[in-house]
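S.K.: You'll find target-v2.pdb just under this line, and it carries PDB, C-alpha atoms and all ligand atoms.
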```
ATOM      1  CA  MET A 195      49.656  77.555  93.172
ATOM      2  CA  LYS A 196      48.741  74.836  95.651
ATOM      3  CA  CYS A 197      45.179  74.817  96.923
ATOM      4  CA  ILE A 198      43.840  74.165 100.426
ATOM      5  CA  GLY A 199      40.088  73.509 100.532
ATOM      6  CA  GLU A 200      38.317  75.794 103.032
ATOM      7  CA  ASN A 201      34.902  74.134 102.994
ATOM      8  CA  LEU A 202      35.183  71.542 105.726
ATOM      9  CA  ASN A 203      34.272  73.823 108.609
ATOM     10  CA  VAL A 204      31.910  74.134 111.547
ATOM     11  CA  MET A 205      30.195  77.145 109.949
ATOM     12  CA  GLN A 206      28.715  74.864 107.261
ATOM     13  CA  LYS A 207      25.310  73.924 108.665
ATOM     14  CA  SER A 208      24.978  70.505 107.019
ATOM     15  CA  LEU A 209      28.469  69.465 108.076
ATOM     16  CA  ASN A 210      28.121  70.824 111.574
ATOM     17  CA  GLN A 211      25.270  68.396 112.135
ATOM     18  CA  ALA A 212      27.420  65.506 110.855
ATOM     19  CA  PHE A 213      30.218  66.653 113.168
ATOM     20  CA  GLN A 214      27.922  66.663 116.201
ATOM     21  CA  GLU A 215      26.442  63.246 115.346
ATOM     22  CA  ARG A 216      29.885  61.849 114.421
ATOM     23  CA  ASN A 217      28.333  60.803 111.114
ATOM     24  CA  PRO A 218      31.218  60.017 108.727
ATOM     25  CA  GLY A 219      29.197  59.991 105.445
ATOM     26  CA  PRO A 220      28.944  63.742 104.610
ATOM     27  CA  VAL A 221      32.468  64.427 105.909
ATOM     28  CA  GLN A 222      34.069  61.702 103.784
ATOM     29  CA  GLU A 223      31.985  62.641 100.752
ATOM     30  CA  MET A 224      33.209  66.237 100.899
ATOM     31  CA  ALA A 225      36.782  65.093 101.465
ATOM     32  CA  ARG A 226      36.602  62.968  98.293
ATOM     33  CA  GLN A 227      35.156  65.884  96.323
ATOM     34  CA  GLN A 228      37.983  68.102  97.504
ATOM     35  CA  GLN A 229      40.548  65.527  96.444
ATOM     36  CA  ARG A 230      38.912  65.216  93.002
ATOM     37  CA  ALA A 231      39.002  69.017  92.649
ATOM     38  CA  GLY A 232      42.787  68.889  93.115
ATOM     39  CA  MET A 233      43.201  70.190  96.662
ATOM     40  CA  ALA A 234      46.705  69.599  98.057
ATOM     41  CA  TRP A 235      45.443  69.883 101.651
ATOM     42  CA  ILE A 236      42.022  69.901 103.277
ATOM     43  CA  ASP A 237      41.552  72.584 105.933
ATOM     44  CA  VAL A 238      39.703  71.120 108.922
ATOM     45  CA  ASN A 239      38.236  74.189 110.557
ATOM     46  CA  LEU A 240      36.797  73.858 114.057
ATOM     47  CA  GLY A 241      37.192  77.480 115.134
ATOM     48  CA  PRO A 242      37.541  77.784 118.936
ATOM     49  CA  ALA A 243      36.079  74.239 119.422
ATOM     50  CA  ARG A 244      35.066  74.844 123.025
ATOM     51  CA  LYS A 245      32.990  71.697 123.369
ATOM     52  CA  ASN A 246      34.810  68.342 123.097
ATOM     53  CA  GLY A 247      37.433  69.965 120.845
ATOM     54  CA  PRO A 248      40.165  67.304 121.189
ATOM     55  CA  GLU A 249      37.811  64.348 120.747
ATOM     56  CA  LEU A 250      36.093  65.974 117.737
ATOM     57  CA  MET A 251      39.390  66.814 116.019
ATOM     58  CA  ASP A 252      40.702  63.279 116.609
ATOM     59  CA  TRP A 253      37.528  61.822 115.054
ATOM     60  CA  LEU A 254      37.631  64.200 112.071
ATOM     61  CA  VAL A 255      41.266  63.525 111.229
ATOM     62  CA  ARG A 256      40.755  59.747 111.336
ATOM     63  CA  THR A 257      37.472  59.940 109.415
ATOM     64  CA  ILE A 258      38.893  62.129 106.632
ATOM     65  CA  GLN A 259      42.164  60.235 106.239
ATOM     66  CA  GLU A 260      40.234  56.965 106.019
ATOM     67  CA  ALA A 261      38.588  58.346 102.851
ATOM     68  CA  VAL A 262      41.400  60.330 101.214
ATOM     69  CA  ASP A 263      45.144  60.163 101.095
ATOM     70  CA  LEU A 264      45.760  63.887 101.690
ATOM     71  CA  PRO A 265      47.513  65.889 104.383
ATOM     72  CA  LEU A 266      45.284  68.137 106.483
ATOM     73  CA  SER A 267      45.538  71.720 107.573
ATOM     74  CA  LEU A 268      44.345  71.686 111.191
ATOM     75  CA  ASP A 269      42.494  74.940 111.834
ATOM     76  CA  THR A 270      41.559  75.612 115.447
ATOM     77  CA  SER A 271      42.571  78.052 118.166
ATOM     78  CA  ASN A 272      42.074  75.306 120.773
ATOM     79  CA  ILE A 273      45.579  74.029 121.513
ATOM     80  CA  GLU A 274      44.379  70.722 123.036
ATOM     81  CA  ALA A 275      42.256  70.056 119.928
ATOM     82  CA  MET A 276      45.268  70.888 117.738
ATOM     83  CA  GLU A 277      47.418  68.403 119.635
ATOM     84  CA  ALA A 278      44.773  65.663 119.397
ATOM     85  CA  GLY A 279      44.545  66.230 115.623
ATOM     86  CA  LEU A 280      48.327  66.090 115.226
ATOM     87  CA  ALA A 281      48.519  62.862 117.220
ATOM     88  CA  ALA A 282      45.893  61.212 114.982
ATOM     89  CA  HIS A 283      47.269  62.543 111.669
ATOM     90  CA  LYS A 284      49.094  60.332 109.135
ATOM     91  CA  GLY A 285      51.930  62.027 107.242
ATOM     92  CA  ARG A 286      52.920  65.661 107.718
ATOM     93  CA  ALA A 287      50.136  67.919 108.995
ATOM     94  CA  LEU A 288      49.956  71.677 108.527
ATOM     95  CA  ILE A 289      49.241  73.578 111.763
ATOM     96  CA  ASN A 290      46.784  76.388 110.953
ATOM     97  CA  SER A 291      47.900  78.570 112.578
ATOM     98  CA  ILE A 292      50.421  80.126 114.979
ATOM     99  CA  MET A 293      50.047  83.861 115.657
ATOM    100  CA  ALA A 294      52.843  86.397 116.107
ATOM    101  CA  ARG A 295      51.975  86.813 119.805
ATOM    102  CA  PRO A 296      54.508  85.478 122.325
ATOM    103  CA  GLU A 297      51.946  83.801 124.600
ATOM    104  CA  ARG A 298      50.540  81.910 121.564
ATOM    105  CA  TYR A 299      53.759  80.960 119.795
ATOM    106  CA  ASN A 300      55.527  79.928 123.008
ATOM    107  CA  ALA A 301      52.693  77.463 123.641
ATOM    108  CA  MET A 302      52.363  76.214 120.051
ATOM    109  CA  LEU A 303      55.843  76.055 118.513
ATOM    110  CA  PRO A 304      56.714  72.942 120.593
ATOM    111  CA  LEU A 305      53.873  71.109 118.781
ATOM    112  CA  VAL A 306      55.584  71.705 115.423
ATOM    113  CA  THR A 307      58.719  69.869 116.522
ATOM    114  CA  ARG A 308      56.947  67.235 118.633
ATOM    115  CA  TYR A 309      54.745  66.115 115.720
ATOM    116  CA  ASP A 310      57.152  66.971 112.885
ATOM    117  CA  ALA A 311      54.506  69.219 111.337
ATOM    118  CA  ASP A 312      54.555  72.214 109.006
ATOM    119  CA  MET A 313      53.108  75.473 110.330
ATOM    120  CA  ILE A 314      51.284  78.575 109.158
ATOM    121  CA  ALA A 315      52.829  81.723 110.636
ATOM    122  CA  LEU A 316      49.809  84.008 110.915
ATOM    123  CA  LEU A 317      50.826  87.659 111.008
ATOM    124  CA  TRP A 318      48.294  88.574 113.644
ATOM    125  CA  GLY A 319      50.297  90.533 116.197
ATOM    126  CA  PRO A 320      49.942  91.631 119.803
ATOM    127  CA  GLU A 321      47.742  94.533 118.707
ATOM    128  CA  GLY A 322      45.655  92.551 116.238
ATOM    129  CA  LEU A 323      45.649  93.013 112.464
ATOM    130  CA  PRO A 324      48.753  94.417 110.816
ATOM    131  CA  ARG A 325      48.259  97.944 109.442
ATOM    132  CA  ASP A 326      50.684  97.809 106.501
ATOM    133  CA  GLU A 327      53.461  95.754 104.898
ATOM    134  CA  ASN A 328      56.090  96.986 107.363
ATOM    135  CA  GLU A 329      54.147  95.772 110.379
ATOM    136  CA  ARG A 330      53.729  92.433 108.591
ATOM    137  CA  ALA A 331      57.493  92.312 108.030
ATOM    138  CA  ALA A 332      58.258  93.077 111.694
ATOM    139  CA  TRP A 333      55.925  90.374 112.981
ATOM    140  CA  ALA A 334      57.159  87.850 110.423
ATOM    141  CA  VAL A 335      60.741  88.411 111.583
ATOM    142  CA  GLU A 336      59.792  87.941 115.249
ATOM    143  CA  LEU A 337      57.762  84.780 114.717
ATOM    144  CA  ILE A 338      60.145  83.142 112.249
ATOM    145  CA  TYR A 339      63.095  83.906 114.538
ATOM    146  CA  ALA A 340      61.299  82.210 117.436
ATOM    147  CA  ALA A 341      60.525  79.182 115.222
ATOM    148  CA  ASN A 342      64.120  78.957 113.971
ATOM    149  CA  GLU A 343      65.349  79.068 117.588
ATOM    150  CA  MET A 344      63.244  75.959 118.242
ATOM    151  CA  GLY A 345      64.917  74.197 115.298
ATOM    152  CA  ILE A 346      62.103  74.752 112.761
ATOM    153  CA  ASP A 347      63.517  75.439 109.275
ATOM    154  CA  ASN A 348      62.056  78.092 106.987
ATOM    155  CA  GLN A 349      60.907  75.428 104.494
ATOM    156  CA  ARG A 350      58.377  74.261 107.096
ATOM    157  CA  ILE A 351      56.896  77.739 107.617
ATOM    158  CA  TYR A 352      53.973  79.053 105.543
ATOM    159  CA  VAL A 353      53.687  82.801 106.110
ATOM    160  CA  ASP A 354      50.116  84.149 106.056
ATOM    161  CA  PRO A 355      50.037  87.958 105.613
ATOM    162  CA  ILE A 356      46.287  88.010 106.467
ATOM    163  CA  ILE A 357      43.863  88.897 103.716
ATOM    164  CA  THR A 358      41.132  91.225 105.017
ATOM    165  CA  PRO A 359      37.683  92.030 103.601
ATOM    166  CA  LEU A 360      37.623  94.513 100.745
ATOM    167  CA  ASN A 361      34.533  96.265 102.098
ATOM    168  CA  ILE A 362      36.253  97.019 105.411
ATOM    169  CA  GLN A 363      39.956  97.554 104.624
ATOM    170  CA  GLN A 364      40.417  98.193 100.918
ATOM    171  CA  ASP A 365      43.977  99.520 101.366
ATOM    172  CA  GLN A 366      45.216  96.264 102.993
ATOM    173  CA  LEU A 367      44.939  94.276  99.750
ATOM    174  CA  PRO A 368      47.719  96.183  97.929
ATOM    175  CA  ALA A 369      49.680  96.127 101.222
ATOM    176  CA  VAL A 370      49.582  92.297 101.168
ATOM    177  CA  LEU A 371      50.923  92.320  97.594
ATOM    178  CA  ARG A 372      53.772  94.656  98.597
ATOM    179  CA  PHE A 373      54.562  92.393 101.557
ATOM    180  CA  MET A 374      54.736  89.382  99.226
ATOM    181  CA  ALA A 375      57.483  91.147  97.278
ATOM    182  CA  MET A 376      59.462  91.660 100.531
ATOM    183  CA  LEU A 377      59.080  88.123 101.922
ATOM    184  CA  PRO A 378      61.852  86.298  99.985
ATOM    185  CA  GLU A 379      64.402  88.745 101.413
ATOM    186  CA  ILE A 380      62.982  88.782 104.928
ATOM    187  CA  ALA A 381      62.745  85.009 105.240
ATOM    188  CA  PRO A 382      64.341  83.110 102.352
ATOM    189  CA  GLY A 383      62.935  79.618 101.837
ATOM    190  CA  THR A 384      59.626  80.197 103.590
ATOM    191  CA  ARG A 385      56.422  79.477 101.669
ATOM    192  CA  SER A 386      53.257  81.533 101.827
ATOM    193  CA  VAL A 387      49.518  81.121 102.113
ATOM    194  CA  GLY A 388      46.397  83.263 102.438
ATOM    195  CA  GLY A 389      42.698  82.815 103.200
ATOM    196  CA  LEU A 390      41.335  84.080  99.910
ATOM    197  CA  SER A 391      37.602  84.138 100.728
ATOM    198  CA  ASN A 392      38.169  86.633 103.548
ATOM    199  CA  LEU A 393      38.576  89.255 100.819
ATOM    200  CA  SER A 394      35.049  88.981  99.473
ATOM    201  CA  ASN A 395      33.242  88.273 102.751
ATOM    202  CA  GLY A 396      30.063  90.301 102.921
ATOM    203  CA  THR A 397      30.237  91.471  99.302
ATOM    204  CA  PRO A 398      27.790  90.439  96.556
ATOM    205  CA  TRP A 399      30.679  89.803  94.099
ATOM    206  CA  ARG A 400      32.523  86.968  95.723
ATOM    207  CA  GLU A 401      33.737  84.901  92.778
ATOM    208  CA  PRO A 402      35.199  87.587  90.486
ATOM    209  CA  LEU A 403      36.896  89.273  93.437
ATOM    210  CA  ASN A 404      38.430  86.018  94.681
ATOM    211  CA  GLN A 405      39.490  85.005  91.163
ATOM    212  CA  THR A 406      41.109  88.349  90.404
ATOM    213  CA  TYR A 407      42.982  88.610  93.698
ATOM    214  CA  LEU A 408      44.206  85.020  93.308
ATOM    215  CA  ALA A 409      45.751  85.995  89.956
ATOM    216  CA  MET A 410      47.490  88.921  91.704
ATOM    217  CA  LEU A 411      48.759  86.777  94.579
ATOM    218  CA  LYS A 412      50.012  84.170  92.114
ATOM    219  CA  ARG A 413      51.970  86.826  90.252
ATOM    220  CA  ALA A 414      53.304  88.164  93.567
ATOM    221  CA  GLY A 415      54.712  84.699  94.314
ATOM    222  CA  MET A 416      52.226  83.339  96.826
ATOM    223  CA  TYR A 417      52.770  79.578  97.179
ATOM    224  CA  SER A 418      49.310  78.403  98.249
ATOM    225  CA  ALA A 419      45.809  79.614  99.103
ATOM    226  CA  ILE A 420      42.952  78.495 101.315
ATOM    227  CA  LEU A 421      39.953  78.676  99.026
ATOM    228  CA  ASP A 422      36.543  77.402  97.950
ATOM    229  CA  TYR A 423      37.151  74.136  96.080
ATOM    230  CA  LYS A 424      33.728  74.469  94.399
ATOM    231  CA  ASP A 425      34.817  77.500  92.382
ATOM    232  CA  ARG A 426      36.090  75.767  89.228
ATOM    233  CA  LEU A 427      37.349  78.910  87.541
ATOM    234  CA  LEU A 428      39.327  79.818  90.648
ATOM    235  CA  ILE A 429      41.014  76.410  90.645
ATOM    236  CA  ASP A 430      41.795  76.796  86.940
ATOM    237  CA  ILE A 431      43.437  80.174  87.581
ATOM    238  CA  ALA A 432      45.492  78.657  90.421
ATOM    239  CA  ALA A 433      46.627  75.912  88.031
ATOM    240  CA  GLY A 434      47.699  78.471  85.398
ATOM    241  CA  LYS A 435      44.989  77.384  82.958
ATOM    242  CA  ARG A 436      43.602  80.900  82.421
ATOM    243  CA  PRO A 437      46.431  83.029  81.018
ATOM    244  CA  ASP A 438      43.792  85.302  79.424
ATOM    245  CA  ILE A 439      42.520  86.350  82.857
ATOM    246  CA  GLU A 440      46.032  86.645  84.271
ATOM    247  CA  GLN A 441      46.989  88.930  81.353
ATOM    248  CA  VAL A 442      44.094  91.300  82.021
ATOM    249  CA  VAL A 443      44.981  91.508  85.706
ATOM    250  CA  VAL A 444      48.666  92.158  84.922
ATOM    251  CA  ALA A 445      47.691  94.875  82.433
ATOM    252  CA  VAL A 446      45.668  96.690  85.107
ATOM    253  CA  GLU A 447      48.494  96.304  87.647
ATOM    254  CA  ASP A 448      51.083  97.644  85.203
ATOM    255  CA  GLY A 449      48.883 100.533  84.063
ATOM    256  CA  SER A 450      48.668  99.489  80.420
ATOM    257  CA  LEU A 451      44.935  98.865  80.765
ATOM    258  CA  THR A 452      43.076 101.859  82.164
ATOM    259  CA  SER A 453      39.511 101.183  81.059
ATOM    260  CA  PRO A 454      37.704  97.839  81.328
ATOM    261  CA  GLN A 455      36.099  98.735  77.979
ATOM    262  CA  GLU A 456      39.432  97.987  76.265
ATOM    263  CA  VAL A 457      39.037  94.219  76.766
ATOM    264  CA  GLU A 458      36.537  91.656  75.528
ATOM    265  CA  GLU A 459      33.256  91.697  77.359
ATOM    266  CA  ASN A 460      33.748  88.366  79.135
ATOM    267  CA  LEU A 461      37.037  89.599  80.653
ATOM    268  CA  ARG A 462      35.807  93.021  81.781
ATOM    269  CA  VAL A 463      34.696  91.783  85.159
ATOM    270  CA  PHE A 464      38.339  90.927  85.998
ATOM    271  CA  ALA A 465      39.548  94.372  84.910
ATOM    272  CA  ARG A 466      36.898  95.979  87.105
ATOM    273  CA  ALA A 467      37.731  93.771  90.057
ATOM    274  CA  ALA A 468      41.463  94.463  89.621
ATOM    275  CA  ARG A 469      40.812  98.212  89.660
ATOM    276  CA  VAL A 470      38.836  98.088  92.885
ATOM    277  CA  ILE A 471      41.319  95.743  94.614
ATOM    278  CA  LEU A 472      44.213  98.057  93.719
ATOM    279  CA  GLY A 473      42.291 101.095  94.929
ATOM    280  CA  HIS A 474      41.912 102.693  91.476
ATOM    281  CA  SER A 475      38.199 102.818  92.179
ATOM    282  CA  LEU A 476      36.459 102.993  95.532
ATOM    283  CA  TYR A 477      34.643  99.873  96.708
ATOM    284  CA  SER A 478      30.897  99.899  97.292
ATOM    285  CA  ASP A 479      28.379  97.082  96.904
ATOM    286  CA  SER A 480      27.228  98.686  93.636
ATOM    287  CA  TRP A 481      30.721  99.401  92.254
ATOM    288  CA  MET A 482      30.453  96.639  89.636
ATOM    289  CA  LYS A 483      27.505  98.412  88.035
ATOM    290  CA  LEU A 484      29.027 101.861  88.319
ATOM    291  CA  GLU A 485      32.372 101.107  86.637
TER     292      GLU A 485
HETATM  293  N1  LIG B   1      44.192  82.275 107.131
HETATM  294  C1  LIG B   1      44.358  81.063 107.673
HETATM  295  N2  LIG B   1      43.314  80.270 107.995
HETATM  296  C2  LIG B   1      42.052  80.698 107.787
HETATM  297  C3  LIG B   1      41.824  81.950 107.214
HETATM  298  C4  LIG B   1      42.943  82.762 106.891
HETATM  299  N3  LIG B   1      41.001  79.889 108.134
HETATM  300  C5  LIG B   1      39.654  80.420 108.118
HETATM  301  C6  LIG B   1      39.482  81.374 106.954
HETATM  302  N4  LIG B   1      40.531  82.349 106.967
HETATM  303  C7  LIG B   1      39.524  80.597 105.660
HETATM  304  N5  LIG B   1      38.379  79.738 105.578
HETATM  305  C8  LIG B   1      37.121  80.220 105.192
HETATM  306  C9  LIG B   1      36.060  79.343 105.220
HETATM  307  C10 LIG B   1      34.807  79.771 104.797
HETATM  308  C11 LIG B   1      34.635  81.064 104.352
HETATM  309  C12 LIG B   1      35.701  81.922 104.325
HETATM  310  C13 LIG B   1      36.952  81.504 104.746
HETATM  311  C14 LIG B   1      33.315  81.568 103.879
HETATM  312  N6  LIG B   1      32.235  80.804 103.991
HETATM  313  C15 LIG B   1      30.905  81.203 103.573
HETATM  314  C16 LIG B   1      30.493  82.537 104.132
HETATM  315  O1  LIG B   1      30.781  82.838 105.295
HETATM  316  O2  LIG B   1      29.806  83.267 103.401
HETATM  317  C17 LIG B   1      29.876  80.246 104.077
HETATM  318  C18 LIG B   1      30.159  78.851 103.671
HETATM  319  C19 LIG B   1      29.249  78.407 102.580
HETATM  320  O3  LIG B   1      28.035  78.438 102.768
HETATM  321  O4  LIG B   1      29.800  78.020 101.525
HETATM  322  O5  LIG B   1      33.226  82.678 103.410
HETATM  323  O6  LIG B   1      42.834  83.904 106.394
HETATM  324  N7  LIG B   1      45.617  80.637 107.876
END
```
Could you take the file, read its structure, and then write that structure out as C-alpha cells?
Ligand code: THG
M.R.:
Amino acid sequence: MKCIGENLNVMQKSLNQAFQERNPGPVQEMARQQQRAGMAWIDVNLGPARKNGPELMDWLVRTIQEAVDLPLSLDTSNIEAMEAGLAAHKGRALINSIMARPERYNAMLPLVTRYDADMIALLWGPEGLPRDENERAAWAVELIYAANEMGIDNQRIYVDPIITPLNIQQDQLPAVLRFMAMLPEIAPGTRSVGGLSNLSNGTPWREPLNQTYLAMLKRAGMYSAILDYKDRLLIDIAAGKRPDIEQVVVAVEDGSLTSPQEVEENLRVFARAARVILGHSLYSDSWMKLE
C-alpha cells in the first residue's frame, strides 16, 4: 500500500507556529523525515484556512518541494487556497478532497482539469456521513460520473469511503470493508484511500487499532492510506513486511481464530483489535483489558 503522511497539519502546535512565522526549518525537516520513512505523498493539511489561506498554501508547497522531491496531497476546504497550492505545485498534485455534494464538486472539479491533478473523491454526501456501504456506492457513482463528464479518467480518482472513529460508529468500519469489495465493479480503474487515524481518534489504543485496520484495508484492496509516518510498525504492515500480523487478522476475519489466546502473546493485541473492529466484541475504552 502507498502511504500519505498525515503529520504536516495546522493542528500540530509546533508546526502551526512555523506556519504563522513562515519559518521553513521545521516544515522542511518534517518533510525530509516523511520522505525517509517512505511516504509517497505528503498531506499538507490547512483545514478551513480562513486567514491568508492562499498565500499560506503557496508558501508551504514551495517550501516543502524545495526540500523533497515528492508530490503533495493538498488538504483544505478553502477553494482559493487549493488553487494557490495547485498553481505552485511541481508535478502532479493530489487534491484532498472533493465531496459528493453538487455545490462542492461543481466548484472543484474544474481545478482537476485546469491543473492536471489527481483527486480524492470523498464520500461525504449532501446529508453528511454515509450510513452504510450502499450509500457510499450511490455517492461514489454520482461523483465519479460528474468527474468523468468533465473528462477526468477513473485512474485519476482516489475514492475515500470515510473511516470514522471506532468509539462513535463501530458498525461503519465493517461497512467500509464491504464497500471496498464493491468498488472495482462500481468504478473500475479508480484507486482508493482512507484517513486511517480517524478510526482511533479519542481512544487510548491508537497504534494497535490503526495497525490492525490497515491490515484489513490492505486485504480489502485499498490502494493507499493517509497515516502517521512515525508509526514504524504501521509502515512495515503497509509494505507487506509483517505477514505474521496479516495472518492473525485474516484468521479473525475468516472465523478460524475465535480466541486471542490461540496465538502467541505478542500477536494477541492484533486479534483483540480485529475482533472489536469487526464488531465481535463491543468497543469501550477498557475493552483491551476485558478481552
Ligand atoms: N480523508 C481524507 N483526508 C483527511 C482525512 C480523511 N485529512 C484529515 C484526516 N482525515 C487525516 N489526517 C489526520 C491528521 C492527524 C490526525 C488524524 C488524522 C490525528 N492527530 C493527533 C490527534 O488529534 O490526536 C494529533 C497530532 C499529534 O500530536 O501527533 O489524530 O479521512 N481524504
S.K.: How close does chain A get to ligand LIG 1 (chain B)? List, as JSON lines, each residue of chain A within 7 Å, its nearest atom pair and the distance in Å to one decimal, counting only C-alpha atoms and all ligand atoms.
M.R.:
```
{"residue": "A:Glu200", "atom": "CA", "partner": "B:LIG1", "partner_atom": "N5", "distance": 4.7}
{"residue": "A:Asn201", "atom": "CA", "partner": "B:LIG1", "partner_atom": "C9", "distance": 5.8}
{"residue": "A:Asn203", "atom": "CA", "partner": "B:LIG1", "partner_atom": "C9", "distance": 6.7}
{"residue": "A:Met205", "atom": "CA", "partner": "B:LIG1", "partner_atom": "C18", "distance": 6.5}
{"residue": "A:Gln206", "atom": "CA", "partner": "B:LIG1", "partner_atom": "C18", "distance": 5.6}
{"residue": "A:Asn239", "atom": "CA", "partner": "B:LIG1", "partner_atom": "N3", "distance": 6.8}
{"residue": "A:Asp269", "atom": "CA", "partner": "B:LIG1", "partner_atom": "N3", "distance": 6.4}
{"residue": "A:Asn290", "atom": "CA", "partner": "B:LIG1", "partner_atom": "N7", "distance": 5.4}
{"residue": "A:Ser291", "atom": "CA", "partner": "B:LIG1", "partner_atom": "N7", "distance": 5.6}
{"residue": "A:Ile314", "atom": "CA", "partner": "B:LIG1", "partner_atom": "N7", "distance": 6.2}
{"residue": "A:Leu316", "atom": "CA", "partner": "B:LIG1", "partner_atom": "N7", "distance": 6.2}
{"residue": "A:Asp354", "atom": "CA", "partner": "B:LIG1", "partner_atom": "N7", "distance": 6.0}
{"residue": "A:Ile356", "atom": "CA", "partner": "B:LIG1", "partner_atom": "O6", "distance": 5.4}
{"residue": "A:Ile357", "atom": "CA", "partner": "B:LIG1", "partner_atom": "O6", "distance": 5.8}
{"residue": "A:Val387", "atom": "CA", "partner": "B:LIG1", "partner_atom": "N7", "distance": 7.0}
{"residue": "A:Gly388", "atom": "CA", "partner": "B:LIG1", "partner_atom": "N1", "distance": 5.3}
{"residue": "A:Gly389", "atom": "CA", "partner": "B:LIG1", "partner_atom": "O6", "distance": 3.4}
{"residue": "A:Leu390", "atom": "CA", "partner": "B:LIG1", "partner_atom": "O6", "distance": 6.7}
{"residue": "A:Ser391", "atom": "CA", "partner": "B:LIG1", "partner_atom": "C12", "distance": 4.6}
{"residue": "A:Asn392", "atom": "CA", "partner": "B:LIG1", "partner_atom": "C12", "distance": 5.4}
{"residue": "A:Asn395", "atom": "CA", "partner": "B:LIG1", "partner_atom": "O5", "distance": 5.6}
{"residue": "A:Ile420", "atom": "CA", "partner": "B:LIG1", "partner_atom": "C7", "distance": 5.9}
{"residue": "A:Leu421", "atom": "CA", "partner": "B:LIG1", "partner_atom": "N5", "distance": 6.8}
```
S.K.: Print the selection's residues with C-alpha atoms to a file, as a PDB file, in the coordinates of the input.
M.R.:
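Below is the file that was written, part-v4.pdb:
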```
ATOM      1  CA  GLU A 200      38.317  75.794 103.032  1.00  0.00           C
ATOM      2  CA  ASN A 201      34.902  74.134 102.994  1.00  0.00           C
ATOM      3  CA  ASN A 203      34.272  73.823 108.609  1.00  0.00           C
ATOM      4  CA  MET A 205      30.195  77.145 109.949  1.00  0.00           C
ATOM      5  CA  GLN A 206      28.715  74.864 107.261  1.00  0.00           C
ATOM      6  CA  ASN A 239      38.236  74.189 110.557  1.00  0.00           C
ATOM      7  CA  ASP A 269      42.494  74.940 111.834  1.00  0.00           C
ATOM      8  CA  ASN A 290      46.784  76.388 110.953  1.00  0.00           C
ATOM      9  CA  SER A 291      47.900  78.570 112.578  1.00  0.00           C
ATOM     10  CA  ILE A 314      51.284  78.575 109.158  1.00  0.00           C
ATOM     11  CA  LEU A 316      49.809  84.008 110.915  1.00  0.00           C
ATOM     12  CA  ASP A 354      50.116  84.149 106.056  1.00  0.00           C
ATOM     13  CA  ILE A 356      46.287  88.010 106.467  1.00  0.00           C
ATOM     14  CA  ILE A 357      43.863  88.897 103.716  1.00  0.00           C
ATOM     15  CA  VAL A 387      49.518  81.121 102.113  1.00  0.00           C
ATOM     16  CA  GLY A 388      46.397  83.263 102.438  1.00  0.00           C
ATOM     17  CA  GLY A 389      42.698  82.815 103.200  1.00  0.00           C
ATOM     18  CA  LEU A 390      41.335  84.080  99.910  1.00  0.00           C
ATOM     19  CA  SER A 391      37.602  84.138 100.728  1.00  0.00           C
ATOM     20  CA  ASN A 392      38.169  86.633 103.548  1.00  0.00           C
ATOM     21  CA  ASN A 395      33.242  88.273 102.751  1.00  0.00           C
ATOM     22  CA  ILE A 420      42.952  78.495 101.315  1.00  0.00           C
ATOM     23  CA  LEU A 421      39.953  78.676  99.026  1.00  0.00           C
TER      24      LEU A 421
END
```
S.K.: For a quick check of understanding, using only C-alpha atoms, which of A:Glu447, A:Asp438, A:Glu329, A:Asp422 has the smallest distance to Met410 (chain A)?
M.R.: A:Glu447
S.K.: Could you check which residues have any atom within 12 Å of (41.0, 79.7, 85.7), counting only C-alpha atoms with coordinates taken straight from the file, and then list them as an mmCIF file with C-alpha atoms, keeping the file's coordinate frame?
M.R.:
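Here's the written file point-v5.cif:
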```cif
data_model
loop_
_atom_site.group_PDB
_atom_site.id
_atom_site.type_symbol
_atom_site.label_atom_id
_atom_site.label_comp_id
_atom_site.auth_asym_id
_atom_site.auth_seq_id
_atom_site.Cartn_x
_atom_site.Cartn_y
_atom_site.Cartn_z
ATOM 1 C CA MET A 195 49.656 77.555 93.172
ATOM 2 C CA GLU A 401 33.737 84.901 92.778
ATOM 3 C CA PRO A 402 35.199 87.587 90.486
ATOM 4 C CA ASN A 404 38.430 86.018 94.681
ATOM 5 C CA GLN A 405 39.490 85.005 91.163
ATOM 6 C CA THR A 406 41.109 88.349 90.404
ATOM 7 C CA LEU A 408 44.206 85.020 93.308
ATOM 8 C CA ALA A 409 45.751 85.995 89.956
ATOM 9 C CA LYS A 412 50.012 84.170 92.114
ATOM 10 C CA ASP A 425 34.817 77.500 92.382
ATOM 11 C CA ARG A 426 36.090 75.767 89.228
ATOM 12 C CA LEU A 427 37.349 78.910 87.541
ATOM 13 C CA LEU A 428 39.327 79.818 90.648
ATOM 14 C CA ILE A 429 41.014 76.410 90.645
ATOM 15 C CA ASP A 430 41.795 76.796 86.940
ATOM 16 C CA ILE A 431 43.437 80.174 87.581
ATOM 17 C CA ALA A 432 45.492 78.657 90.421
ATOM 18 C CA ALA A 433 46.627 75.912 88.031
ATOM 19 C CA GLY A 434 47.699 78.471 85.398
ATOM 20 C CA LYS A 435 44.989 77.384 82.958
ATOM 21 C CA ARG A 436 43.602 80.900 82.421
ATOM 22 C CA PRO A 437 46.431 83.029 81.018
ATOM 23 C CA ASP A 438 43.792 85.302 79.424
ATOM 24 C CA ILE A 439 42.520 86.350 82.857
ATOM 25 C CA GLU A 440 46.032 86.645 84.271
ATOM 26 C CA GLN A 441 46.989 88.930 81.353
ATOM 27 C CA LEU A 461 37.037 89.599 80.653
ATOM 28 C CA PHE A 464 38.339 90.927 85.998
#
```
S.K.: I need the output of the PyMOL selection byres (((chain A and resi 346-350) around 9) and not hetatm) for this file as number ranges by chain; which residues are they?
M.R.: A: 288, 303, 306-307, 311-314, 338, 340-345, 351-352, 381-385
S.K.: Where does the PyMOL selection byres (((chain A and resi 225-229) around 10) and not hetatm) land in this file, that is, which residues does it pick, as number ranges by chain?
M.R.: A: 197-202, 219-224, 230-237, 257-264, 422-424
S.K.: Please, what distance in Å, to one decimal, runs between CA of Thr397 (chain A) and CA of Val446 (chain A)?
M.R.: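 About the pair CA of Thr397 (chain A) and CA of Val446 (chain A): they are 21.6 Å apart.
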S.K.: Pull out every residue that the PyMOL selection byres (((chain A and resi 318) around 10) and not hetatm) matches in the shown coordinates and put them as a list in words.
M.R.: Ile292, Met293, Ala294, Arg295, Ala315, Leu316, Leu317, Gly319, Pro320, Glu321, Gly322, Leu323, Pro324, Glu329, Arg330, Trp333, Ala334, Asp354, Pro355 and Ile356 of chain A
